[in-house]
$ cat entry13.cif   # mmCIF, C-alpha atoms
data_coords
#
loop_
_atom_site.label_atom_id
_atom_site.label_comp_id
_atom_site.auth_asym_id
_atom_site.auth_seq_id
_atom_site.Cartn_x
_atom_site.Cartn_y
_atom_site.Cartn_z
CA MET I 22 19.63 -72.16 -82.61
CA THR I 23 17.28 -75.11 -82.72
CA SER I 24 14.15 -75.00 -84.85
CA ILE I 25 10.65 -76.41 -84.88
CA ASP I 26 8.82 -77.86 -87.88
CA LEU I 27 5.87 -75.96 -89.32
CA ILE I 28 3.13 -78.29 -90.54
CA ASP I 29 0.30 -77.58 -92.95
CA PRO I 30 -2.79 -78.83 -91.06
CA ALA I 31 -4.66 -79.44 -94.31
CA THR I 32 -2.06 -81.99 -95.47
CA GLY I 33 -0.10 -82.95 -92.36
CA GLU I 34 3.11 -82.19 -94.24
CA VAL I 35 6.10 -80.14 -93.07
CA PHE I 36 6.58 -76.99 -95.14
CA GLY I 37 9.08 -74.98 -93.12
CA THR I 38 10.72 -74.32 -89.78
CA ALA I 39 10.78 -71.61 -87.13
CA PRO I 40 13.54 -70.84 -84.63
CA VAL I 41 13.12 -71.83 -81.00
CA GLY I 42 14.13 -69.00 -78.71
CA ARG I 43 16.08 -69.99 -75.63
CA GLU I 44 17.40 -68.04 -72.67
CA SER I 45 19.72 -65.75 -74.63
CA GLU I 46 17.09 -64.83 -77.24
CA VAL I 47 14.37 -64.24 -74.64
CA ASP I 48 16.70 -62.16 -72.50
CA ALA I 49 17.79 -60.05 -75.47
CA ALA I 50 14.18 -59.34 -76.49
CA VAL I 51 13.15 -58.43 -72.95
CA ARG I 52 16.12 -56.10 -72.53
CA ARG I 53 15.33 -54.39 -75.86
CA ALA I 54 11.82 -53.84 -74.60
CA ALA I 55 13.09 -52.48 -71.27
CA THR I 56 15.41 -50.04 -73.03
CA ALA I 57 12.61 -48.85 -75.29
CA PHE I 58 10.20 -48.45 -72.36
CA ALA I 59 12.38 -45.76 -70.82
CA THR I 60 11.46 -43.39 -73.64
CA TRP I 61 8.20 -44.85 -75.01
CA ARG I 62 6.51 -44.41 -71.63
CA ARG I 63 7.08 -40.65 -71.99
CA SER I 64 5.66 -40.48 -75.52
CA THR I 65 2.51 -38.43 -75.98
CA PRO I 66 -0.85 -40.04 -76.70
CA MET I 67 -0.80 -38.20 -80.02
CA ARG I 68 2.43 -39.93 -81.01
CA ARG I 69 1.14 -43.34 -79.95
CA GLN I 70 -2.03 -42.77 -81.92
CA ALA I 71 -0.14 -41.86 -85.08
CA ALA I 72 2.08 -44.93 -84.81
CA LEU I 73 -0.81 -47.36 -84.29
CA LEU I 74 -2.78 -45.83 -87.16
CA ALA I 75 0.26 -46.33 -89.38
CA VAL I 76 0.54 -49.98 -88.29
CA ALA I 77 -3.16 -50.48 -89.14
CA ASP I 78 -2.58 -49.05 -92.60
CA ALA I 79 0.46 -51.29 -93.08
CA LEU I 80 -1.57 -54.31 -92.00
CA GLU I 81 -4.16 -53.63 -94.67
CA ALA I 82 -1.52 -52.88 -97.30
CA ASN I 83 0.07 -56.28 -96.67
CA ALA I 84 -3.19 -58.20 -96.24
CA GLY I 85 -2.50 -60.71 -99.01
CA GLU I 86 0.87 -61.79 -97.64
CA ILE I 87 -0.45 -61.97 -94.08
CA ALA I 88 -3.42 -64.07 -95.18
CA ASP I 89 -1.16 -66.49 -97.06
CA LEU I 90 0.97 -67.01 -93.95
CA GLU I 91 -2.05 -67.35 -91.68
CA CYS I 92 -3.81 -69.83 -93.94
CA ARG I 93 -0.75 -72.01 -94.50
CA GLU I 94 -0.34 -72.55 -90.76
CA THR I 95 -4.01 -72.69 -89.70
CA GLY I 96 -5.79 -74.19 -92.73
CA LYS I 97 -8.27 -71.30 -92.78
CA ASP I 98 -10.15 -70.10 -95.84
CA LYS I 99 -8.22 -67.16 -97.28
CA ALA I 100 -11.39 -65.22 -98.12
CA VAL I 101 -12.46 -65.36 -94.46
CA VAL I 102 -9.09 -64.05 -93.29
CA LEU I 103 -9.13 -61.25 -95.86
CA ASP I 104 -12.77 -60.27 -95.43
CA GLU I 105 -13.18 -60.68 -91.68
CA GLU I 106 -10.06 -61.20 -89.59
CA ILE I 107 -7.68 -58.66 -91.10
CA PRO I 108 -10.31 -55.87 -91.19
CA GLN I 109 -11.21 -56.59 -87.58
CA SER I 110 -7.54 -56.54 -86.60
CA ALA I 111 -7.06 -53.18 -88.31
CA ASP I 112 -10.15 -51.86 -86.55
CA VAL I 113 -8.76 -52.89 -83.15
CA LEU I 114 -5.52 -51.04 -83.87
CA ARG I 115 -7.46 -47.93 -84.88
CA PHE I 116 -9.74 -48.14 -81.87
CA PHE I 117 -6.84 -48.25 -79.42
CA ALA I 118 -5.07 -45.50 -81.37
CA GLY I 119 -8.02 -43.26 -80.51
CA ALA I 120 -8.46 -44.64 -77.00
CA ALA I 121 -4.86 -43.68 -76.20
CA ARG I 122 -5.99 -40.04 -76.28
CA THR I 123 -9.04 -40.48 -74.04
CA MET I 124 -7.59 -42.23 -71.01
CA PRO I 125 -10.17 -41.94 -68.20
CA GLY I 126 -9.34 -40.62 -64.75
CA ALA I 127 -10.81 -38.78 -61.76
CA ALA I 128 -10.74 -34.99 -61.77
CA THR I 129 -8.05 -33.20 -59.78
CA GLY I 130 -9.57 -31.77 -56.61
CA GLU I 131 -9.37 -31.16 -52.89
CA TYR I 132 -10.44 -34.26 -50.99
CA LEU I 133 -8.56 -33.43 -47.78
CA ASP I 134 -8.41 -29.96 -46.26
CA GLY I 135 -5.29 -28.11 -47.37
CA HIS I 136 -4.32 -30.65 -50.02
CA THR I 137 -4.92 -31.20 -53.71
CA SER I 138 -5.09 -34.71 -55.13
CA SER I 139 -4.71 -35.99 -58.67
CA LEU I 140 -4.46 -39.40 -60.27
CA ARG I 141 -1.83 -40.44 -62.76
CA ARG I 142 -2.60 -43.40 -65.00
CA GLU I 143 0.78 -44.78 -66.04
CA PRO I 144 2.06 -47.65 -68.23
CA ILE I 145 3.10 -50.76 -66.34
CA GLY I 146 6.39 -51.57 -68.07
CA VAL I 147 7.52 -54.48 -70.22
CA ILE I 148 4.61 -56.83 -70.95
CA ALA I 149 5.20 -60.52 -71.74
CA GLN I 150 2.43 -61.69 -74.09
CA ILE I 151 1.61 -65.24 -75.18
CA THR I 152 -0.85 -65.83 -78.03
CA PRO I 153 -2.76 -68.93 -79.22
CA TRP I 154 -2.85 -70.81 -82.52
CA ASN I 155 -6.51 -70.37 -83.43
CA TYR I 156 -6.32 -66.66 -84.34
CA PRO I 157 -2.60 -65.87 -84.50
CA LEU I 158 -2.86 -62.42 -86.09
CA MET I 159 -5.96 -61.18 -84.29
CA MET I 160 -4.83 -62.27 -80.85
CA ALA I 161 -1.44 -60.64 -81.35
CA VAL I 162 -3.19 -57.39 -82.30
CA TRP I 163 -5.57 -57.65 -79.35
CA LYS I 164 -2.55 -57.79 -77.04
CA ILE I 165 -0.13 -55.42 -78.72
CA ALA I 166 -2.56 -52.58 -79.46
CA PRO I 167 -3.79 -51.73 -75.93
CA ALA I 168 -0.41 -52.34 -74.32
CA VAL I 169 1.43 -50.06 -76.73
CA ALA I 170 -1.37 -47.47 -76.70
CA ALA I 171 -0.98 -47.23 -72.91
CA GLY I 172 2.78 -46.62 -73.23
CA ASN I 173 4.11 -50.11 -72.52
CA THR I 174 6.55 -52.16 -74.55
CA VAL I 175 5.91 -55.82 -75.37
CA VAL I 176 7.57 -59.16 -76.05
CA VAL I 177 5.15 -61.47 -77.87
CA LYS I 178 5.54 -65.26 -78.01
CA PRO I 179 3.19 -66.74 -80.64
CA ALA I 180 2.08 -70.36 -80.59
CA ASP I 181 4.77 -72.73 -81.85
CA THR I 182 2.57 -73.98 -84.72
CA THR I 183 1.54 -70.54 -86.03
CA PRO I 184 4.33 -67.95 -85.69
CA SER I 185 4.57 -66.46 -89.18
CA SER I 186 1.78 -63.86 -89.28
CA THR I 187 2.88 -62.54 -85.88
CA LEU I 188 6.47 -62.24 -87.11
CA LEU I 189 5.27 -60.23 -90.10
CA LEU I 190 3.09 -58.06 -87.85
CA GLY I 191 6.12 -57.40 -85.65
CA SER I 192 8.16 -56.45 -88.69
CA LEU I 193 5.46 -54.04 -89.90
CA ALA I 194 5.12 -52.51 -86.43
CA SER I 195 8.87 -51.95 -86.20
CA ARG I 196 8.71 -49.65 -89.22
CA HIS I 197 6.38 -47.25 -87.41
CA LEU I 198 7.33 -47.65 -83.74
CA PRO I 199 10.66 -47.00 -82.03
CA GLU I 200 13.08 -49.90 -81.87
CA GLY I 201 12.23 -52.34 -79.10
CA VAL I 202 8.62 -51.31 -78.51
CA VAL I 203 7.30 -54.48 -80.18
CA ASN I 204 9.40 -57.66 -80.04
CA VAL I 205 8.54 -61.19 -81.17
CA VAL I 206 10.21 -64.36 -79.92
CA THR I 207 9.23 -67.69 -81.46
CA GLY I 208 9.55 -71.05 -79.80
CA ASP I 209 7.89 -73.74 -77.72
CA ARG I 210 6.47 -73.99 -74.21
CA ASP I 211 9.92 -73.70 -72.69
CA THR I 212 10.37 -70.40 -74.53
CA GLY I 213 7.12 -69.20 -73.01
CA ARG I 214 8.23 -70.26 -69.53
CA LEU I 215 11.50 -68.37 -69.93
CA LEU I 216 9.56 -65.26 -70.88
CA VAL I 217 7.07 -65.57 -68.02
CA THR I 218 9.74 -66.15 -65.38
CA HIS I 219 12.15 -63.47 -66.63
CA PRO I 220 12.61 -60.89 -63.86
CA ILE I 221 12.07 -57.79 -66.03
CA PRO I 222 8.48 -58.06 -67.36
CA ALA I 223 5.99 -56.48 -64.97
CA MET I 224 2.96 -58.22 -66.42
CA VAL I 225 2.10 -61.39 -68.34
CA SER I 226 -0.88 -61.57 -70.69
CA ILE I 227 -1.91 -64.89 -72.19
CA THR I 228 -4.73 -66.13 -74.38
CA GLY I 229 -4.87 -69.92 -74.24
CA SER I 230 -6.20 -72.94 -72.42
CA THR I 231 -7.17 -72.96 -68.76
CA ARG I 232 -4.23 -75.29 -68.10
CA ALA I 233 -1.79 -72.85 -69.68
CA GLY I 234 -3.30 -69.94 -67.77
CA ILE I 235 -2.91 -71.72 -64.46
CA GLU I 236 0.75 -72.47 -65.25
CA VAL I 237 1.36 -68.83 -66.15
CA ALA I 238 -0.37 -67.50 -63.02
CA ARG I 239 1.61 -69.90 -60.84
CA ALA I 240 4.94 -68.95 -62.44
CA ALA I 241 4.17 -65.21 -62.40
CA ALA I 242 3.37 -65.37 -58.69
CA ASP I 243 7.02 -65.95 -57.81
CA THR I 244 7.84 -62.35 -58.78
CA LEU I 245 4.33 -60.91 -58.23
CA LYS I 246 3.87 -60.08 -61.88
CA ARG I 247 0.42 -58.88 -62.84
CA THR I 248 -1.47 -61.37 -64.99
CA HIS I 249 -4.12 -60.98 -67.67
CA LEU I 250 -5.71 -64.33 -68.54
CA GLU I 251 -8.14 -64.99 -71.40
CA LEU I 252 -8.69 -68.72 -71.22
CA GLY I 253 -11.03 -71.52 -72.28
CA GLY I 254 -14.69 -70.96 -73.09
CA ASN I 255 -17.11 -73.91 -73.43
CA ALA I 256 -19.96 -71.49 -74.18
CA PRO I 257 -23.56 -72.58 -73.52
CA VAL I 258 -26.35 -71.81 -75.97
CA LEU I 259 -29.85 -71.79 -74.42
CA VAL I 260 -32.58 -72.43 -77.00
CA PHE I 261 -36.20 -71.96 -75.88
CA ASP I 262 -39.34 -73.37 -77.43
CA ASP I 263 -40.54 -70.02 -78.81
CA VAL I 264 -37.70 -69.65 -81.34
CA ASP I 265 -37.85 -69.86 -85.10
CA VAL I 266 -36.13 -73.23 -85.33
CA ALA I 267 -34.64 -72.79 -88.80
CA GLU I 268 -33.32 -69.29 -88.10
CA ALA I 269 -31.81 -70.24 -84.75
CA ALA I 270 -30.24 -73.41 -86.16
CA ASP I 271 -28.63 -71.41 -88.96
CA GLY I 272 -27.12 -68.93 -86.50
CA ILE I 273 -25.88 -71.56 -84.09
CA ILE I 274 -24.29 -73.74 -86.77
CA ALA I 275 -22.40 -70.73 -88.11
CA ALA I 276 -21.19 -69.79 -84.62
CA ALA I 277 -20.29 -73.38 -83.72
CA PHE I 278 -18.32 -74.29 -86.85
CA TYR I 279 -16.53 -71.01 -87.58
CA ASN I 280 -12.79 -71.70 -87.76
CA ALA I 281 -13.57 -75.43 -87.46
CA GLY I 282 -15.00 -74.79 -84.01
CA GLN I 283 -11.59 -73.67 -82.72
CA ASP I 284 -12.93 -70.57 -81.02
CA CYS I 285 -13.14 -69.86 -77.29
CA THR I 286 -16.69 -68.57 -77.78
CA ALA I 287 -17.86 -71.32 -80.18
CA ALA I 288 -21.59 -72.10 -79.85
CA ALA I 289 -20.88 -75.77 -79.31
CA ARG I 290 -22.68 -76.61 -76.03
CA VAL I 291 -26.36 -76.35 -76.93
CA LEU I 292 -29.16 -76.74 -74.38
CA VAL I 293 -32.65 -77.06 -75.92
CA GLN I 294 -36.06 -76.87 -74.27
CA ASP I 295 -38.14 -80.07 -74.38
CA ARG I 296 -40.90 -79.08 -76.79
CA VAL I 297 -38.54 -78.26 -79.67
CA HIS I 298 -35.63 -80.53 -78.73
CA ASP I 299 -36.09 -83.23 -81.35
CA GLU I 300 -36.94 -80.79 -84.13
CA PHE I 301 -33.96 -78.62 -83.26
CA VAL I 302 -31.50 -81.51 -83.11
CA ALA I 303 -32.71 -82.66 -86.54
CA ALA I 304 -32.24 -79.14 -87.93
CA LEU I 305 -28.70 -78.97 -86.54
CA ALA I 306 -27.84 -82.39 -88.00
CA VAL I 307 -29.06 -81.46 -91.48
CA ARG I 308 -26.97 -78.30 -91.46
CA ALA I 309 -23.93 -80.02 -89.99
CA GLN I 310 -23.99 -82.68 -92.70
CA ALA I 311 -23.91 -79.92 -95.31
CA ALA I 312 -21.14 -77.97 -93.58
CA ARG I 313 -17.57 -77.83 -94.83
CA THR I 314 -15.04 -77.05 -92.13
CA GLY I 315 -11.29 -76.62 -92.18
CA PRO I 316 -8.70 -78.75 -90.38
CA LEU I 317 -7.83 -78.74 -86.73
CA ASN I 318 -4.57 -77.07 -85.89
CA SER I 319 -2.32 -80.04 -85.23
CA ALA I 320 -1.99 -83.78 -84.84
CA ALA I 321 -2.09 -83.29 -81.07
CA GLN I 322 -5.40 -81.44 -81.27
CA LEU I 323 -6.81 -84.09 -83.60
CA GLU I 324 -5.79 -86.83 -81.16
CA ARG I 325 -7.39 -84.95 -78.25
CA VAL I 326 -10.70 -84.43 -80.08
CA THR I 327 -10.97 -87.96 -81.46
CA GLY I 328 -10.21 -89.23 -77.96
CA LEU I 329 -13.20 -87.32 -76.59
CA LEU I 330 -15.37 -88.74 -79.36
CA ASP I 331 -14.10 -92.28 -78.82
CA ARG I 332 -14.95 -92.04 -75.11
CA LEU I 333 -18.57 -90.96 -75.58
CA PRO I 334 -20.89 -92.52 -72.98
CA GLY I 335 -23.36 -95.18 -73.99
CA HIS I 336 -26.34 -92.82 -73.64
CA ALA I 337 -24.94 -90.39 -76.24
CA VAL I 338 -26.65 -90.30 -79.65
CA VAL I 339 -24.44 -89.32 -82.61
CA HIS I 340 -26.66 -87.82 -85.32
CA CYS I 341 -23.85 -87.11 -87.76
CA GLY I 342 -20.06 -87.14 -87.80
CA GLY I 343 -18.19 -88.37 -84.79
CA LYS I 344 -15.00 -89.44 -86.55
CA ARG I 345 -11.85 -88.25 -88.23
CA LEU I 346 -12.43 -87.14 -91.81
CA GLY I 347 -9.98 -88.67 -94.30
CA GLU I 348 -6.42 -89.77 -93.67
CA ARG I 349 -4.66 -86.63 -94.90
CA GLY I 350 -4.50 -83.56 -92.69
CA PHE I 351 -6.21 -83.02 -89.36
CA PHE I 352 -9.93 -82.98 -90.21
CA VAL I 353 -12.88 -84.04 -88.06
CA GLU I 354 -16.36 -84.61 -89.42
CA PRO I 355 -18.89 -81.92 -88.45
CA THR I 356 -20.64 -83.60 -85.55
CA VAL I 357 -23.91 -83.30 -83.60
CA ILE I 358 -24.38 -85.39 -80.42
CA SER I 359 -27.50 -85.45 -78.23
CA GLY I 360 -28.60 -87.42 -75.18
CA LEU I 361 -25.81 -85.98 -73.07
CA ARG I 362 -25.76 -85.35 -69.34
CA GLN I 363 -24.20 -82.54 -67.36
CA ASP I 364 -21.34 -84.61 -65.93
CA ASP I 365 -20.30 -86.18 -69.25
CA GLU I 366 -16.69 -85.49 -70.16
CA ILE I 367 -17.57 -84.01 -73.54
CA VAL I 368 -19.92 -81.52 -71.83
CA GLN I 369 -17.46 -80.47 -69.13
CA GLU I 370 -14.46 -80.25 -71.48
CA GLU I 371 -14.17 -77.56 -74.14
CA VAL I 372 -13.98 -79.63 -77.34
CA PHE I 373 -12.54 -76.93 -79.65
CA ALA I 374 -13.60 -78.65 -82.87
CA PRO I 375 -16.63 -78.78 -85.23
CA VAL I 376 -18.60 -80.70 -82.59
CA ILE I 377 -21.98 -79.66 -81.14
CA THR I 378 -23.24 -81.29 -77.96
CA VAL I 379 -26.96 -81.10 -77.11
CA GLN I 380 -28.67 -81.37 -73.73
CA ARG I 381 -32.38 -81.28 -72.97
CA PHE I 382 -34.01 -79.03 -70.35
CA THR I 383 -37.56 -78.22 -69.27
CA THR I 384 -37.74 -75.08 -67.13
CA ASP I 385 -35.85 -71.80 -67.34
CA ASP I 386 -34.13 -72.56 -64.05
CA GLU I 387 -33.05 -75.99 -65.26
CA GLY I 388 -31.59 -74.44 -68.40
CA VAL I 389 -29.63 -71.85 -66.43
CA THR I 390 -28.32 -74.51 -64.04
CA GLY I 391 -27.06 -76.58 -66.98
CA ALA I 392 -25.53 -73.56 -68.69
CA ASN I 393 -23.71 -72.48 -65.54
CA GLY I 394 -22.69 -76.03 -64.65
CA VAL I 395 -19.16 -75.95 -66.07
CA PRO I 396 -15.97 -74.37 -64.69
CA GLN I 397 -15.56 -71.89 -67.57
CA GLY I 398 -17.40 -68.58 -67.85
CA LEU I 399 -16.38 -66.74 -71.00
CA ALA I 400 -19.46 -66.39 -73.23
CA SER I 401 -23.04 -67.60 -73.63
CA SER I 402 -26.19 -66.94 -75.62
CA VAL I 403 -29.96 -67.02 -75.15
CA TRP I 404 -32.33 -67.69 -78.04
CA THR I 405 -35.92 -66.70 -77.28
CA ALA I 406 -38.75 -64.44 -78.45
CA ASP I 407 -39.48 -63.45 -74.85
CA ALA I 408 -37.68 -60.17 -74.06
CA ALA I 409 -38.37 -60.41 -70.34
CA ARG I 410 -36.90 -63.91 -70.20
CA ALA I 411 -33.79 -62.76 -72.10
CA ALA I 412 -33.29 -59.85 -69.68
CA ARG I 413 -33.69 -62.10 -66.64
CA LEU I 414 -31.32 -64.77 -67.94
CA ALA I 415 -28.70 -62.20 -68.87
CA VAL I 416 -28.44 -61.53 -65.14
CA GLU I 417 -28.45 -65.19 -64.10
CA LEU I 418 -25.91 -66.53 -66.61
CA ASP I 419 -22.42 -66.49 -65.09
CA PHE I 420 -20.43 -65.52 -68.18
CA GLY I 421 -18.48 -62.47 -69.27
CA CYS I 422 -20.69 -62.05 -72.33
CA VAL I 423 -24.34 -62.91 -72.94
CA TRP I 424 -25.61 -62.66 -76.50
CA VAL I 425 -29.36 -62.62 -77.20
CA ASN I 426 -30.63 -64.23 -80.42
CA THR I 427 -27.13 -64.16 -81.85
CA HIS I 428 -23.78 -65.66 -80.94
CA GLY I 429 -20.26 -64.46 -81.62
CA PRO I 430 -20.23 -60.82 -82.82
CA LEU I 431 -17.58 -58.62 -81.24
CA ALA I 432 -17.05 -54.87 -81.21
CA SER I 433 -13.80 -53.08 -80.44
CA GLU I 434 -15.70 -50.76 -78.10
CA MET I 435 -17.03 -53.62 -75.92
CA PRO I 436 -14.96 -55.74 -73.48
CA HIS I 437 -14.20 -59.42 -74.01
CA GLY I 438 -13.20 -61.61 -71.09
CA GLY I 439 -14.58 -64.19 -68.73
CA PHE I 440 -15.15 -65.45 -65.21
CA GLY I 441 -14.13 -68.58 -63.32
CA GLN I 442 -11.68 -70.81 -65.18
CA SER I 443 -11.99 -68.59 -68.25
CA GLY I 444 -9.65 -66.21 -66.44
CA TYR I 445 -9.75 -62.50 -65.67
CA GLY I 446 -8.94 -59.23 -67.35
CA LYS I 447 -10.60 -57.81 -70.45
CA ASP I 448 -9.53 -57.53 -74.06
CA LEU I 449 -10.90 -54.79 -76.32
CA SER I 450 -12.64 -51.57 -75.13
CA THR I 451 -11.30 -48.85 -72.84
CA ILE I 452 -11.51 -51.40 -70.02
CA GLY I 453 -8.91 -53.46 -71.88
CA LEU I 454 -6.75 -50.35 -72.19
CA GLU I 455 -6.98 -49.68 -68.44
CA ASP I 456 -5.81 -53.25 -67.75
CA TYR I 457 -2.41 -52.25 -69.15
CA THR I 458 -2.03 -49.27 -66.79
CA ARG I 459 -1.32 -48.61 -63.14
CA VAL I 460 -2.79 -45.79 -61.03
CA LYS I 461 -0.74 -43.41 -58.92
CA HIS I 462 -2.18 -40.93 -56.42
CA VAL I 463 -0.34 -37.59 -56.23
CA MET I 464 -1.20 -35.39 -53.22
CA THR I 465 0.19 -31.85 -52.84
CA ARG I 466 -0.06 -29.73 -49.70
CA LEU I 467 -1.44 -26.29 -50.41
CA GLY I 468 0.26 -23.21 -49.02
#
$ encode --input "entry13.cif" --output "structure tokens"
Amino acid sequence: MTSIDLIDPATGEVFGTAPVGRESEVDAAVRRAATAFATWRRSTPMRRQAALLAVADALEANAGEIADLECRETGKDKAVVLDEEIPQSADVLRFFAGAARTMPGAATGEYLDGHTSSLRREPIGVIAQITPWNYPLMMAVWKIAPAVAAGNTVVVKPADTTPSSTLLLGSLASRHLPEGVVNVVTGDRDTGRLLVTHPIPAMVSITGSTRAGIEVARAAADTLKRTHLELGGNAPVLVFDDVDVAEAADGIIAAAFYNAGQDCTAAARVLVQDRVHDEFVAALAVRAQAARTGPLNSAAQLERVTGLLDRLPGHAVVHCGGKRLGERGFFVEPTVISGLRQDDEIVQEEVFAPVITVQRFTTDDEGVTGANGVPQGLASSVWTADAARAARLAVELDFGCVWVNTHGPLASEMPHGGFGQSGYGKDLSTIGLEDYTRVKHVMTRLG
């Protein structure tokens, strides 16, 4: 079997390899999942709950090893992984463990004379799942937990640059779930294509770029597989002139630079009302200059980001950053850029780096038009002291999530997913659980 180099993004140096699954490996994993589905689909919600709770406990018990793997491949701060990402991942597993026992459905009743109707909510089958490199562990959990809770079996293909924490998660899950319920296949884009086009999976779920989602949807269409697409973000942040500038700047910097800005909900596209524009840009620049961010994921991502920065239009004003940081590893300087226009490349493209773009607006309507003026529709936020304005804009903003005076918090009980080129389908919540089910109507003639 061929292998792929694993590179430490903080140094740019190779530290290991991972196998590249080809047709035989993908086929074997899918067939293991299909065999397991025959019995797992009949398992009781109580059994699924117990298994997922055990996986959550195992995740926490092995937190140190998981964090070491995650940090080596992503360049993240270990304390952040231990204190935030692993606890959140365990919480998602526990949420779906409970949700497995509360599957919603219409009451059985007589809706046609002489007949009784009921609805069965059933698992779909084998689910092909593709996860990204920015949150390897969390995104694997977000996919595995609802699918398995609903009675499906899964084959997960992690990103080629960050496979290790997902492999360990799969190993831990296999100790508490029947053989073949959770399978992991590592590899490159061709491995992913083999998984998506395999005839057995009934659904494909991907978290990734819009480009990758379009490719998956196109390939899945050949066999009419269901698709669940959580794609790019490019989130707008609307800042009005009644905010506390220092407080809002603190919150937005934290939400923009978390994980080096490599977050589909990053608060990186900031639109500021005229009266506080200059003051707010200055506050962002001061905080950005003091920020310390980790590396980008790969040399390819570094090249993409520096290309966007090199192609800035002449009217752009760089207040800080704007360049690669150092010659070792894949770092970019924390950056704040103002003077931008709606059709600028760096506004329309999701940067996915510690880069904040700033646009000026005057009226509420102008701000909403700018916020909505990109193809993506995952998340957004409104910063204002005016409750009526916040309520009105929450309706007008065309995004799957609207935060008010905050940006980024997630709860397992609330859905996460977007509109437009950010895809469709929801992660988290009971809505996310329902996405991994199908509905069957059973009608019985009375008498």
$ resolve_selection --input "entry13.cif" --expression "the PyMOL selection byres ((chain I and resi 108) around 12)" --output "mmCIF file with C-alpha atoms, keeping the file's coordinate frame"
data_model
loop_
_atom_site.group_PDB
_atom_site.id
_atom_site.type_symbol
_atom_site.label_atom_id
_atom_site.label_comp_id
_atom_site.auth_asym_id
_atom_site.auth_seq_id
_atom_site.Cartn_x
_atom_site.Cartn_y
_atom_site.Cartn_z
ATOM 1 C CA ALA I 77 -3.160 -50.480 -89.140
ATOM 2 C CA ASP I 78 -2.580 -49.050 -92.600
ATOM 3 C CA ALA I 79 0.460 -51.290 -93.080
ATOM 4 C CA LEU I 80 -1.570 -54.310 -92.000
ATOM 5 C CA GLU I 81 -4.160 -53.630 -94.670
ATOM 6 C CA ALA I 82 -1.520 -52.880 -97.300
ATOM 7 C CA ASN I 83 0.070 -56.280 -96.670
ATOM 8 C CA ALA I 84 -3.190 -58.200 -96.240
ATOM 9 C CA ILE I 87 -0.450 -61.970 -94.080
ATOM 10 C CA ALA I 88 -3.420 -64.070 -95.180
ATOM 11 C CA ALA I 100 -11.390 -65.220 -98.120
ATOM 12 C CA VAL I 101 -12.460 -65.360 -94.460
ATOM 13 C CA VAL I 102 -9.090 -64.050 -93.290
ATOM 14 C CA LEU I 103 -9.130 -61.250 -95.860
ATOM 15 C CA ASP I 104 -12.770 -60.270 -95.430
ATOM 16 C CA GLU I 105 -13.180 -60.680 -91.680
ATOM 17 C CA GLU I 106 -10.060 -61.200 -89.590
ATOM 18 C CA ILE I 107 -7.680 -58.660 -91.100
ATOM 19 C CA GLN I 109 -11.210 -56.590 -87.580
ATOM 20 C CA SER I 110 -7.540 -56.540 -86.600
ATOM 21 C CA ALA I 111 -7.060 -53.180 -88.310
ATOM 22 C CA ASP I 112 -10.150 -51.860 -86.550
ATOM 23 C CA VAL I 113 -8.760 -52.890 -83.150
ATOM 24 C CA LEU I 114 -5.520 -51.040 -83.870
ATOM 25 C CA ARG I 115 -7.460 -47.930 -84.880
ATOM 26 C CA LEU I 158 -2.860 -62.420 -86.090
ATOM 27 C CA MET I 159 -5.960 -61.180 -84.290
ATOM 28 C CA VAL I 162 -3.190 -57.390 -82.300
ATOM 29 C CA SER I 433 -13.800 -53.080 -80.440
#
$ residues_around --input "entry13.cif" --residues "I:Leu346" --least-positions-apart "6" --cutoff "10 Å" --atoms "all atoms listed in the file" --output "list of chain:residue names"
I:Pro316, I:Phe352, I:Val353, I:Glu354, I:Pro355
$ write_last_selection --input "entry13.cif" --atoms "C-alpha atoms" --output "compact mmCIF listing (two decimals), in the coordinates of the input"
# COMPACT_ATOMS: atom_id res chain seq x y z
CA PRO I 316 -8.70 -78.75 -90.38
CA PHE I 352 -9.93 -82.98 -90.21
CA VAL I 353 -12.88 -84.04 -88.06
CA GLU I 354 -16.36 -84.61 -89.42
CA PRO I 355 -18.89 -81.92 -88.45
$ residues_around --input "entry13.cif" --residues "I:Ser359" --least-positions-apart "5" --cutoff "6 Å" --atoms "all atoms listed in the file" --output "PyMOL selection string"
chain I and resi 337-338+378-379
$ write_last_selection --input "entry13.cif" --atoms "C-alpha atoms" --output "PDB file, in the frame of the given file"
ATOM      1  CA  ALA I 337     -24.940 -90.390 -76.240  1.00  0.00           C
ATOM      2  CA  VAL I 338     -26.650 -90.300 -79.650  1.00  0.00           C
ATOM      3  CA  THR I 378     -23.240 -81.290 -77.960  1.00  0.00           C
ATOM      4  CA  VAL I 379     -26.960 -81.100 -77.110  1.00  0.00           C
TER       5      VAL I 379
END
$ residues_around --input "entry13.cif" --residues "stretch 407-417 of chain I" --least-positions-apart "2" --cutoff "12 Å" --atoms "only C-alpha atoms" --output "JSON, numbers by chain"
{"I": [258, 259, 260, 261, 262, 263, 264, 384, 385, 386, 387, 388, 389, 390, 391, 392, 393, 400, 401, 402, 403, 404, 405, 419, 420, 421, 422, 423, 424, 425, 426, 427]}
$ closest_residue --input "entry13.cif" --among "I:Ile358, I:Val217, I:Leu27, I:Val395" --to "I:Leu333" --atoms "all atoms listed in the file"
I:Ile358
$ residues_around --input "entry13.cif" --residues "I:Gln380" --least-positions-apart "4" --cutoff "7 Å" --atoms "only C-alpha atoms" --output "list in words"
Val291, Leu292, Val293, Ser359, Gly360, Leu361 and Arg362 of chain I
$ atom_distance --input "entry13.cif" --atom1 "atom CA of I:Ala281" --atom2 "atom CA of I:Tyr156"
11.8 Å
